[in-house]
2 protein chains.
Amino acid sequence: MAQIAERAGVALSTVSYVLSGKRSVSEEMRKRVLAAIEDLDYRPHRPARALASGASHTIALFLPSPQWRLVPVQQTFVAGATEATSAGDFALLLSTSPADPEEITHVVARGRADGVILMEMLAHDARVERLQQAGYPFVLIGRTEDTTGIDFVDLDFGAAVRTSLVHLAELGHTCVALFNFPCDQLDAGYTSALLARDALEETAAELGIRGIHLPCPHPVDEATAVAAELLRTEPECTAAITTGWQFSGLLSALRDAGLHVPDGFSIVSVIASQYAEMLTPSLTGIEWPAFEAGRLAAEMLIERLAGGHAPPRQLLIGGELVVRESSGPAPAAITR
Amino acid sequence: MAQIAERAGVALSTVSYVLSGKRSVSEEMRKRVLAAIEDLDYRPHRPARALASGASHTIALFLPSPQWRLVPVQQTFVAGATEATSAGDFALLLSTSPADPEEITHVVARGRADGVILMEMLAHDARVERLQQAGYPFVLIGRTEDTTGIDFVDLDFGAAVRTSLVHLAELGHTCVALFNFPCDQLDAGYTSALLARDALEETAAELGIRGIHLPCPHPVDEATAVAAELLRTEPECTAAITTGWQFSGLLSALRDAGLHVPDGFSIVSVIASQYAEMLTPSLTGIEWPAFEAGRLAAEMLIERLAGGHAPPRQLLIGGELVVRESSGPAPAAITR
DNA sequence: CTCTCCCTTCGAAGCGCTTCGCGAAGCGCT
DNA sequence: AGCGCTTCGCGAAGCGCTTCGAAGGGAGAG
């Protein structure tokens, strides 16, 4: 920067003001400075800027878990956030979630980032408390139970379960099982799982049909067993809503039981993606604008960092039900 | 840090030396300093450290494309790299690939990162040239044609195609099609696509069978048409190797042609993942330790940043063929 | 023609940390 | 006792940038 100043015949501070635009600079000077910058192929040194200004122009995104088995939807959040961050001339710091929630705040305390994006939220989340205590800006992908004053973007799983259930009810199903997120997530208080459960109960009651909540199946592994048990003990259950890969286990169980999809049993997935149409039968399910969601989260955080304390922005994003082959009319007579 | 020094009754520089261990400090002083750090809950300011030391302790990872439609294997690279970076007390900067390869170097020039991880490599890659010219440390996931002096981790797609072809040949297939990566990637010189093509030709020649190279199918969209055309014009072709989602289009075409998998036609995917076993029929294919690969890439870069100029490390990682339902003996008589 | 005031520009003081060189002290020797 | 040597703590000079206060000059007003 000193070289720029010398070459342009101006003071160091003038160069800085040309770059930042925080004070007006005459057209004359500005041109000389810009020419010098061009000639010398100068790039401002970010850490120095961060040190002097106190802002790193960086946001941090914490991944759900160290052993990251991200579902595609979460991977797409990351992609969207990356895109928006680059577009906003910010940098995106990607981290695994530390065991100790306290460490979340360190990234800001140490000046690595100005704000944080969190995902995979719990209804009562220690990370949020820490960030609030520290007064650091953050945006959630997902949400806590009490969202007072909190910025978040969330996929509306409650509505998704409702929509799925209504779809199945319209097809004549009167007893539907929900293969919810795995037990450990439910027990930990994973908000989406709680909302899915609540939506099942409420909507089933409204529609006057039966909803069976099955919280336990771990993806694939246990799902087959749980599904087999369901088919055995609940013969009137003719459809299921799944939240993830469990439909794979469900399909196995149905095959073993000699039930055809959708003639004998219908399936709707609340998180469908590209693979949904590759399966046989292709999967009826909710599709989500996850890339958008990730993008919005990053944009909201960047705005917040710039804006001071505007009112909190809370976005609930709806998915779209795409009807494919796995859902159909309830069987006229139950043959089990 | 000044507060720490004061509280511990030592000089600022002593605190620094306690923290960095770059000079010996008496046990007495060290204890006092560490106690003060504990008491004041002090966190070193990273940008300041970066400014003073000239190293940001950060590595940058560039995603393949802005519109990131990462295949699962690539997402897993990112996860692995994130894990290793966090473990090495480094930070991981995630960026979309800029249109201008020159911009890749900016992240280092501006002091945001000390080194770079690149993925989705071309045989002749402008990004690598720029980084070499600038003298910045980098590691590739994938590789260029000339890898002299370059650190990389790559999945061995050549070997994977060979293994797949041998598997099919052993099952009696004498004419196998390769649905390679999309045309635009092949034309751009995407190394994996070139290696897959070469491996097909070489191995087919060795085995004395026929290999048909089909470079064009865009994932899913065109794949059905290309596959239908193949089935029509090449009746002796009884198996295919796919590199991605195209098997979905292939399946459609086979269904339309009334061909059963694997009785009438076999499929092997060189990039199989969890979804491979969820499909009906489940997919025979190569599984890759992608998480490991990402982890290794990050570790190699961190080592390089620490180590100076050790000899380049070049890792070619093999996949494992998992035989499932989609591959079987060649039909005794071709019925088309 | 002088007095303000504003528009530009400059200089200098940090931001929080690393690192170099110096000096003080302690050691084993002669 | 005096020597050189090592060990360890201190002070100060940056790293490259931002930002504040003030100085200089021109224009408009009195």
# chains A, B, ... in the order shown; residues from 1 in each chain; ligands from 1

$ closest_atom_pairs --of "chain D" --to "chain B" --cutoff "8 Å" --atoms "only C-alpha atoms (C1' of nucleotides)" --output "tab-separated table"
residue	atom	partner	partner_atom	distance
D:DC8	C1'	B:Val25	CA	6.4
D:DG9	C1'	B:Thr14	CA	7.0
D:DC10	C1'	B:Ala11	CA	6.1
D:DC15	C1'	B:Ala52	CA	4.5
D:DG16	C1'	B:Leu51	CA	7.4

$ interface_residues --of "chain A" --to "chain B" --cutoff "8 Å" --atoms "only C-alpha atoms" --output "ChimeraX atom specification"
/A:43-48,50-51,56,66,68,72,75,79,82-83,86,91-96,106,109-112,248,275,278-280

$ write_last_selection --atoms "N, CA and C atoms" --output "short mmCIF file (atom, residue, chain, number, x, y, z; two decimals), in the first residue's frame"
data_model
loop_
_atom_site.label_atom_id
_atom_site.label_comp_id
_atom_site.auth_asym_id
_atom_site.auth_seq_id
_atom_site.Cartn_x
_atom_site.Cartn_y
_atom_site.Cartn_z
N ARG A 43 -3.01 -6.24 -4.12
CA ARG A 43 -4.15 -6.88 -3.44
C ARG A 43 -4.09 -6.52 -1.97
N PRO A 44 -5.12 -5.92 -1.45
CA PRO A 44 -5.12 -5.59 -0.02
C PRO A 44 -4.95 -6.84 0.83
N HIS A 45 -4.23 -6.71 1.88
CA HIS A 45 -3.97 -7.83 2.79
C HIS A 45 -5.10 -7.92 3.81
N ARG A 46 -5.86 -9.01 3.71
CA ARG A 46 -7.06 -9.14 4.53
C ARG A 46 -6.81 -9.15 6.03
N PRO A 47 -5.85 -9.93 6.50
CA PRO A 47 -5.65 -9.96 7.95
C PRO A 47 -5.31 -8.58 8.50
N ALA A 48 -4.53 -7.83 7.75
CA ALA A 48 -4.19 -6.48 8.21
C ALA A 48 -5.45 -5.63 8.31
N ALA A 50 -8.41 -6.75 8.71
CA ALA A 50 -9.21 -7.26 9.83
C ALA A 50 -8.69 -6.72 11.16
N LEU A 51 -7.40 -6.67 11.28
CA LEU A 51 -6.80 -6.19 12.52
C LEU A 51 -7.14 -4.72 12.76
N SER A 56 -13.50 -9.20 10.23
CA SER A 56 -12.75 -10.12 9.37
C SER A 56 -13.41 -10.32 8.01
N PRO A 66 -19.04 -34.22 13.47
CA PRO A 66 -17.71 -34.54 12.96
C PRO A 66 -17.80 -35.64 11.91
N TRP A 68 -19.79 -36.31 9.87
CA TRP A 68 -20.61 -35.77 8.80
C TRP A 68 -21.22 -36.77 7.82
N PRO A 72 -28.36 -35.09 1.65
CA PRO A 72 -28.15 -34.19 0.52
C PRO A 72 -28.67 -32.79 0.76
N GLN A 75 -26.12 -30.80 2.58
CA GLN A 75 -24.98 -30.47 1.73
C GLN A 75 -25.33 -29.30 0.83
N ALA A 79 -23.70 -25.55 0.06
CA ALA A 79 -23.43 -25.02 -1.28
C ALA A 79 -24.06 -23.64 -1.45
N THR A 82 -22.22 -21.03 0.52
CA THR A 82 -20.94 -20.72 -0.10
C THR A 82 -21.12 -19.73 -1.25
N GLU A 83 -22.10 -20.03 -2.05
CA GLU A 83 -22.41 -19.17 -3.20
C GLU A 83 -22.69 -17.73 -2.75
N SER A 86 -19.54 -15.94 -1.29
CA SER A 86 -18.63 -15.47 -2.33
C SER A 86 -19.21 -14.25 -3.03
N ALA A 91 -15.91 -14.22 3.07
CA ALA A 91 -15.31 -15.55 3.01
C ALA A 91 -16.10 -16.46 3.93
N LEU A 92 -16.10 -17.73 3.61
CA LEU A 92 -16.86 -18.71 4.38
C LEU A 92 -15.91 -19.69 5.05
N LEU A 93 -15.97 -19.71 6.36
CA LEU A 93 -15.14 -20.63 7.13
C LEU A 93 -15.98 -21.84 7.48
N LEU A 94 -15.53 -23.03 7.09
CA LEU A 94 -16.29 -24.24 7.35
C LEU A 94 -15.64 -25.00 8.50
N SER A 95 -16.46 -25.36 9.48
CA SER A 95 -15.91 -26.06 10.64
C SER A 95 -16.78 -27.23 11.02
N THR A 96 -16.19 -28.21 11.62
CA THR A 96 -17.00 -29.24 12.25
C THR A 96 -17.50 -28.70 13.57
N HIS A 106 -15.63 -19.12 20.02
CA HIS A 106 -14.21 -18.79 19.86
C HIS A 106 -13.89 -18.24 18.48
N ALA A 109 -14.58 -14.74 18.75
CA ALA A 109 -13.73 -14.13 19.77
C ALA A 109 -12.30 -13.97 19.25
N ARG A 110 -11.86 -14.93 18.50
CA ARG A 110 -10.49 -14.89 17.99
C ARG A 110 -10.37 -14.11 16.69
N GLY A 111 -11.47 -13.52 16.29
CA GLY A 111 -11.42 -12.66 15.11
C GLY A 111 -11.36 -13.39 13.79
N ARG A 112 -11.65 -14.68 13.83
CA ARG A 112 -11.64 -15.44 12.59
C ARG A 112 -12.86 -15.13 11.73
N SER A 248 -35.85 -47.10 2.63
CA SER A 248 -35.15 -48.24 2.07
C SER A 248 -35.44 -49.49 2.90
N TYR A 275 -32.60 -38.40 -6.14
CA TYR A 275 -32.66 -39.85 -6.13
C TYR A 275 -34.10 -40.35 -6.11
N MET A 278 -35.17 -41.80 -9.21
CA MET A 278 -34.35 -42.90 -9.72
C MET A 278 -34.77 -44.23 -9.14
N LEU A 279 -35.51 -44.16 -8.05
CA LEU A 279 -35.86 -45.40 -7.37
C LEU A 279 -36.98 -46.11 -8.13
N THR A 280 -37.11 -47.38 -7.83
CA THR A 280 -38.22 -48.15 -8.39
C THR A 280 -39.00 -48.73 -7.23
#

$ closest_residue --among "A:Pro311, A:Gly294, A:Gly328, A:Pro289" --to "Val153 in chain A" --atoms "only C-alpha atoms"
A:Gly294

$ interface_residues --of "chain C" --to "chain B" --cutoff "9 Å" --atoms "only C-alpha atoms (C1' of nucleotides)" --output "PyMOL selection string"
chain C and resi 15-19

$ select_by_dssp --residues "range 48-220 of chain B" --states "alpha helix (DSSP H)" --output "MDAnalysis selection string"
chainID B and resid 48:53 72:87 102:109 126:134 157:170 183:188 191:207

$ select_by_dssp --residues "range 20-241 of chain B" --states "strand (DSSP E)" --output "ChimeraX atom specification"
/B:58-63,91-96,115-119,138-141,151-155,175-179,210-214,239-241

$ write_last_selection --atoms "N, CA and C atoms" --output "mmCIF file, in the first residue's frame"
data_model
loop_
_atom_site.group_PDB
_atom_site.id
_atom_site.type_symbol
_atom_site.label_atom_id
_atom_site.label_comp_id
_atom_site.auth_asym_id
_atom_site.auth_seq_id
_atom_site.Cartn_x
_atom_site.Cartn_y
_atom_site.Cartn_z
ATOM 1 N N THR B 58 -4.665 -21.002 7.630
ATOM 2 C CA THR B 58 -5.943 -21.281 6.981
ATOM 3 C C THR B 58 -5.658 -21.897 5.625
ATOM 4 N N ILE B 59 -6.481 -22.853 5.224
ATOM 5 C CA ILE B 59 -6.354 -23.353 3.865
ATOM 6 C C ILE B 59 -7.662 -23.132 3.127
ATOM 7 N N ALA B 60 -7.565 -22.945 1.843
ATOM 8 C CA ALA B 60 -8.752 -22.653 1.040
ATOM 9 C C ALA B 60 -9.092 -23.857 0.182
ATOM 10 N N LEU B 61 -10.381 -24.148 0.095
ATOM 11 C CA LEU B 61 -10.836 -25.241 -0.755
ATOM 12 C C LEU B 61 -11.819 -24.681 -1.765
ATOM 13 N N PHE B 62 -11.537 -24.917 -3.030
ATOM 14 C CA PHE B 62 -12.433 -24.404 -4.067
ATOM 15 C C PHE B 62 -13.353 -25.505 -4.571
ATOM 16 N N LEU B 63 -14.626 -25.223 -4.552
ATOM 17 C CA LEU B 63 -15.617 -26.179 -5.047
ATOM 18 C C LEU B 63 -15.587 -26.175 -6.563
ATOM 19 N N ALA B 91 -7.918 -23.492 9.772
ATOM 20 C CA ALA B 91 -9.282 -23.147 9.400
ATOM 21 C C ALA B 91 -9.444 -23.449 7.916
ATOM 22 N N LEU B 92 -10.657 -23.753 7.523
ATOM 23 C CA LEU B 92 -10.938 -24.120 6.141
ATOM 24 C C LEU B 92 -11.825 -23.069 5.497
ATOM 25 N N LEU B 93 -11.311 -22.449 4.458
ATOM 26 C CA LEU B 93 -12.067 -21.451 3.721
ATOM 27 C C LEU B 93 -12.691 -22.122 2.514
ATOM 28 N N LEU B 94 -14.011 -22.035 2.409
ATOM 29 C CA LEU B 94 -14.682 -22.686 1.297
ATOM 30 C C LEU B 94 -15.104 -21.638 0.276
ATOM 31 N N SER B 95 -14.745 -21.873 -0.984
ATOM 32 C CA SER B 95 -15.068 -20.897 -2.019
ATOM 33 C C SER B 95 -15.624 -21.573 -3.250
ATOM 34 N N THR B 96 -16.431 -20.853 -3.974
ATOM 35 C CA THR B 96 -16.817 -21.340 -5.290
ATOM 36 C C THR B 96 -15.655 -21.047 -6.238
ATOM 37 N N GLY B 115 -2.531 -21.838 1.705
ATOM 38 C CA GLY B 115 -2.437 -22.797 0.621
ATOM 39 C C GLY B 115 -3.826 -23.164 0.132
ATOM 40 N N VAL B 116 -3.863 -23.951 -0.939
ATOM 41 C CA VAL B 116 -5.122 -24.174 -1.639
ATOM 42 C C VAL B 116 -5.316 -25.662 -1.948
ATOM 43 N N ILE B 117 -6.549 -26.116 -1.824
ATOM 44 C CA ILE B 117 -6.916 -27.441 -2.326
ATOM 45 C C ILE B 117 -7.850 -27.250 -3.517
ATOM 46 N N LEU B 118 -7.506 -27.919 -4.597
ATOM 47 C CA LEU B 118 -8.317 -27.823 -5.814
ATOM 48 C C LEU B 118 -8.960 -29.177 -6.079
ATOM 49 N N MET B 119 -10.160 -29.175 -6.666
ATOM 50 C CA MET B 119 -10.728 -30.458 -7.062
ATOM 51 C C MET B 119 -11.268 -30.385 -8.480
ATOM 52 N N PHE B 138 -0.077 -25.945 -2.835
ATOM 53 C CA PHE B 138 -1.412 -26.470 -3.139
ATOM 54 C C PHE B 138 -1.382 -27.987 -3.219
ATOM 55 N N VAL B 139 -2.559 -28.565 -3.074
ATOM 56 C CA VAL B 139 -2.743 -30.005 -3.206
ATOM 57 C C VAL B 139 -3.973 -30.230 -4.067
ATOM 58 N N LEU B 140 -3.895 -31.203 -4.950
ATOM 59 C CA LEU B 140 -5.033 -31.490 -5.805
ATOM 60 C C LEU B 140 -5.817 -32.697 -5.299
ATOM 61 N N ILE B 141 -7.126 -32.634 -5.442
ATOM 62 C CA ILE B 141 -7.929 -33.850 -5.360
ATOM 63 C C ILE B 141 -8.273 -34.142 -6.803
ATOM 64 N N ASP B 151 1.727 -32.238 -5.471
ATOM 65 C CA ASP B 151 1.059 -33.069 -4.471
ATOM 66 C C ASP B 151 -0.367 -33.342 -4.915
ATOM 67 N N PHE B 152 -0.771 -34.591 -4.872
ATOM 68 C CA PHE B 152 -2.189 -34.845 -5.142
ATOM 69 C C PHE B 152 -2.690 -36.118 -4.476
ATOM 70 N N VAL B 153 -4.008 -36.150 -4.319
ATOM 71 C CA VAL B 153 -4.728 -37.357 -3.915
ATOM 72 C C VAL B 153 -5.746 -37.600 -5.015
ATOM 73 N N ASP B 154 -5.777 -38.797 -5.556
ATOM 74 C CA ASP B 154 -6.744 -39.029 -6.625
ATOM 75 C C ASP B 154 -7.380 -40.398 -6.466
ATOM 76 N N LEU B 155 -8.638 -40.477 -6.840
ATOM 77 C CA LEU B 155 -9.309 -41.772 -6.907
ATOM 78 C C LEU B 155 -8.922 -42.392 -8.244
ATOM 79 N N CYS B 175 -19.128 -57.502 -25.035
ATOM 80 C CA CYS B 175 -19.247 -56.141 -25.576
ATOM 81 C C CYS B 175 -19.867 -55.257 -24.504
ATOM 82 N N VAL B 176 -19.072 -54.279 -24.058
ATOM 83 C CA VAL B 176 -19.498 -53.458 -22.923
ATOM 84 C C VAL B 176 -19.420 -51.980 -23.296
ATOM 85 N N ALA B 177 -20.479 -51.235 -22.938
ATOM 86 C CA ALA B 177 -20.472 -49.793 -23.207
ATOM 87 C C ALA B 177 -20.029 -49.033 -21.959
ATOM 88 N N LEU B 178 -19.287 -47.952 -22.157
ATOM 89 C CA LEU B 178 -18.941 -47.071 -21.037
ATOM 90 C C LEU B 178 -19.702 -45.759 -21.185
ATOM 91 N N PHE B 179 -20.605 -45.496 -20.269
ATOM 92 C CA PHE B 179 -21.252 -44.184 -20.224
ATOM 93 C C PHE B 179 -20.336 -43.268 -19.432
ATOM 94 N N ARG B 210 -15.084 -56.147 -26.744
ATOM 95 C CA ARG B 210 -15.329 -54.865 -27.361
ATOM 96 C C ARG B 210 -15.756 -53.829 -26.321
ATOM 97 N N GLY B 211 -15.191 -52.651 -26.424
ATOM 98 C CA GLY B 211 -15.592 -51.577 -25.529
ATOM 99 C C GLY B 211 -16.165 -50.430 -26.345
ATOM 100 N N ILE B 212 -17.342 -49.994 -25.991
ATOM 101 C CA ILE B 212 -17.966 -48.886 -26.716
ATOM 102 C C ILE B 212 -17.947 -47.649 -25.830
ATOM 103 N N HIS B 213 -17.321 -46.600 -26.315
ATOM 104 C CA HIS B 213 -17.205 -45.386 -25.506
ATOM 105 C C HIS B 213 -18.325 -44.422 -25.846
ATOM 106 N N LEU B 214 -19.153 -44.096 -24.867
ATOM 107 C CA LEU B 214 -20.271 -43.172 -25.087
ATOM 108 C C LEU B 214 -20.063 -41.937 -24.231
ATOM 109 N N ALA B 239 -23.843 -55.222 -21.569
ATOM 110 C CA ALA B 239 -23.500 -54.654 -20.263
ATOM 111 C C ALA B 239 -22.989 -53.227 -20.425
ATOM 112 N N ALA B 240 -23.067 -52.470 -19.353
ATOM 113 C CA ALA B 240 -22.570 -51.100 -19.395
ATOM 114 C C ALA B 240 -21.901 -50.728 -18.078
ATOM 115 N N ILE B 241 -20.933 -49.850 -18.213
ATOM 116 C CA ILE B 241 -20.297 -49.245 -17.045
ATOM 117 C C ILE B 241 -20.722 -47.785 -17.039
#

$ closest_residue --among "A:Ala99, A:Ile286, A:Ala298, A:Ala257" --to "His167 in chain A" --atoms "only C-alpha atoms"
A:Ile286

$ atom_distance --atom1 "CA of Ile317 in chain A" --atom2 "CA of Glu292 in chain A"
9.4 Å

$ decode --residues "range 21-47 of chain B" --atoms "N, CA and C atoms" --output "CSV table (one decimal), in the first residue's frame"
chain,number,residue,atom,x,y,z
B,21,GLY,N,5.9,-21.1,22.1
B,21,GLY,CA,7.0,-22.1,22.4
B,21,GLY,C,8.2,-21.9,21.6
B,22,LYS,N,8.4,-20.7,21.0
B,22,LYS,CA,9.5,-20.5,20.1
B,22,LYS,C,10.8,-20.2,20.8
B,23,ARG,N,10.7,-19.8,22.1
B,23,ARG,CA,11.9,-19.7,22.9
B,23,ARG,C,11.6,-20.3,24.3
B,24,SER,N,12.6,-20.7,24.9
B,24,SER,CA,12.3,-21.4,26.2
B,24,SER,C,11.9,-20.3,27.3
B,25,VAL,N,11.0,-20.7,28.1
B,25,VAL,CA,10.6,-19.8,29.2
B,25,VAL,C,10.6,-20.6,30.5
B,26,SER,N,11.0,-20.0,31.5
B,26,SER,CA,11.2,-20.7,32.8
B,26,SER,C,9.8,-21.2,33.3
B,27,GLU,N,9.8,-22.3,34.0
B,27,GLU,CA,8.6,-22.9,34.5
B,27,GLU,C,7.8,-21.9,35.3
B,28,GLU,N,8.5,-21.2,36.1
B,28,GLU,CA,7.9,-20.1,36.9
B,28,GLU,C,7.0,-19.2,36.1
B,29,MET,N,7.7,-18.6,35.1
B,29,MET,CA,7.0,-17.6,34.3
B,29,MET,C,5.8,-18.2,33.5
B,30,ARG,N,6.1,-19.3,32.9
B,30,ARG,CA,5.1,-20.1,32.1
B,30,ARG,C,3.9,-20.3,32.9
B,31,LYS,N,4.0,-20.7,34.2
B,31,LYS,CA,2.9,-20.9,35.0
B,31,LYS,C,2.1,-19.7,35.3
B,32,ARG,N,2.8,-18.6,35.6
B,32,ARG,CA,2.1,-17.3,35.9
B,32,ARG,C,1.3,-16.9,34.6
B,33,VAL,N,2.0,-17.0,33.5
B,33,VAL,CA,1.3,-16.6,32.2
B,33,VAL,C,0.1,-17.4,32.0
B,34,LEU,N,0.2,-18.7,32.1
B,34,LEU,CA,-0.9,-19.6,31.8
B,34,LEU,C,-2.0,-19.4,32.7
B,35,ALA,N,-1.7,-19.1,34.0
B,35,ALA,CA,-2.7,-18.8,35.0
B,35,ALA,C,-3.5,-17.5,34.6
B,36,ALA,N,-2.7,-16.5,34.2
B,36,ALA,CA,-3.4,-15.3,33.8
B,36,ALA,C,-4.3,-15.5,32.6
B,37,ILE,N,-3.8,-16.3,31.6
B,37,ILE,CA,-4.6,-16.6,30.4
B,37,ILE,C,-5.9,-17.2,30.8
B,38,GLU,N,-5.8,-18.2,31.8
B,38,GLU,CA,-7.0,-18.9,32.3
B,38,GLU,C,-7.9,-17.9,32.9
B,39,ASP,N,-7.4,-17.1,33.8
B,39,ASP,CA,-8.2,-16.2,34.6
B,39,ASP,C,-9.0,-15.2,33.7
B,40,LEU,N,-8.3,-14.7,32.7
B,40,LEU,CA,-8.9,-13.7,31.8
B,40,LEU,C,-9.6,-14.3,30.6
B,41,ASP,N,-9.6,-15.6,30.5
B,41,ASP,CA,-10.2,-16.3,29.4
B,41,ASP,C,-9.8,-15.6,28.1
B,42,TYR,N,-8.5,-15.6,28.0
B,42,TYR,CA,-7.9,-14.9,26.8
B,42,TYR,C,-7.9,-15.8,25.6
B,43,ARG,N,-8.2,-15.2,24.4
B,43,ARG,CA,-8.1,-15.9,23.1
B,43,ARG,C,-7.3,-15.1,22.2
B,44,PRO,N,-6.2,-15.6,21.7
B,44,PRO,CA,-5.3,-14.9,20.8
B,44,PRO,C,-6.1,-14.4,19.5
B,45,HIS,N,-5.8,-13.3,19.1
B,45,HIS,CA,-6.5,-12.7,17.9
B,45,HIS,C,-5.9,-13.2,16.6
B,46,ARG,N,-6.6,-14.0,15.9
B,46,ARG,CA,-6.0,-14.6,14.7
B,46,ARG,C,-5.5,-13.7,13.6
B,47,PRO,N,-6.3,-12.7,13.3
B,47,PRO,CA,-5.8,-11.8,12.2
B,47,PRO,C,-4.5,-11.1,12.6
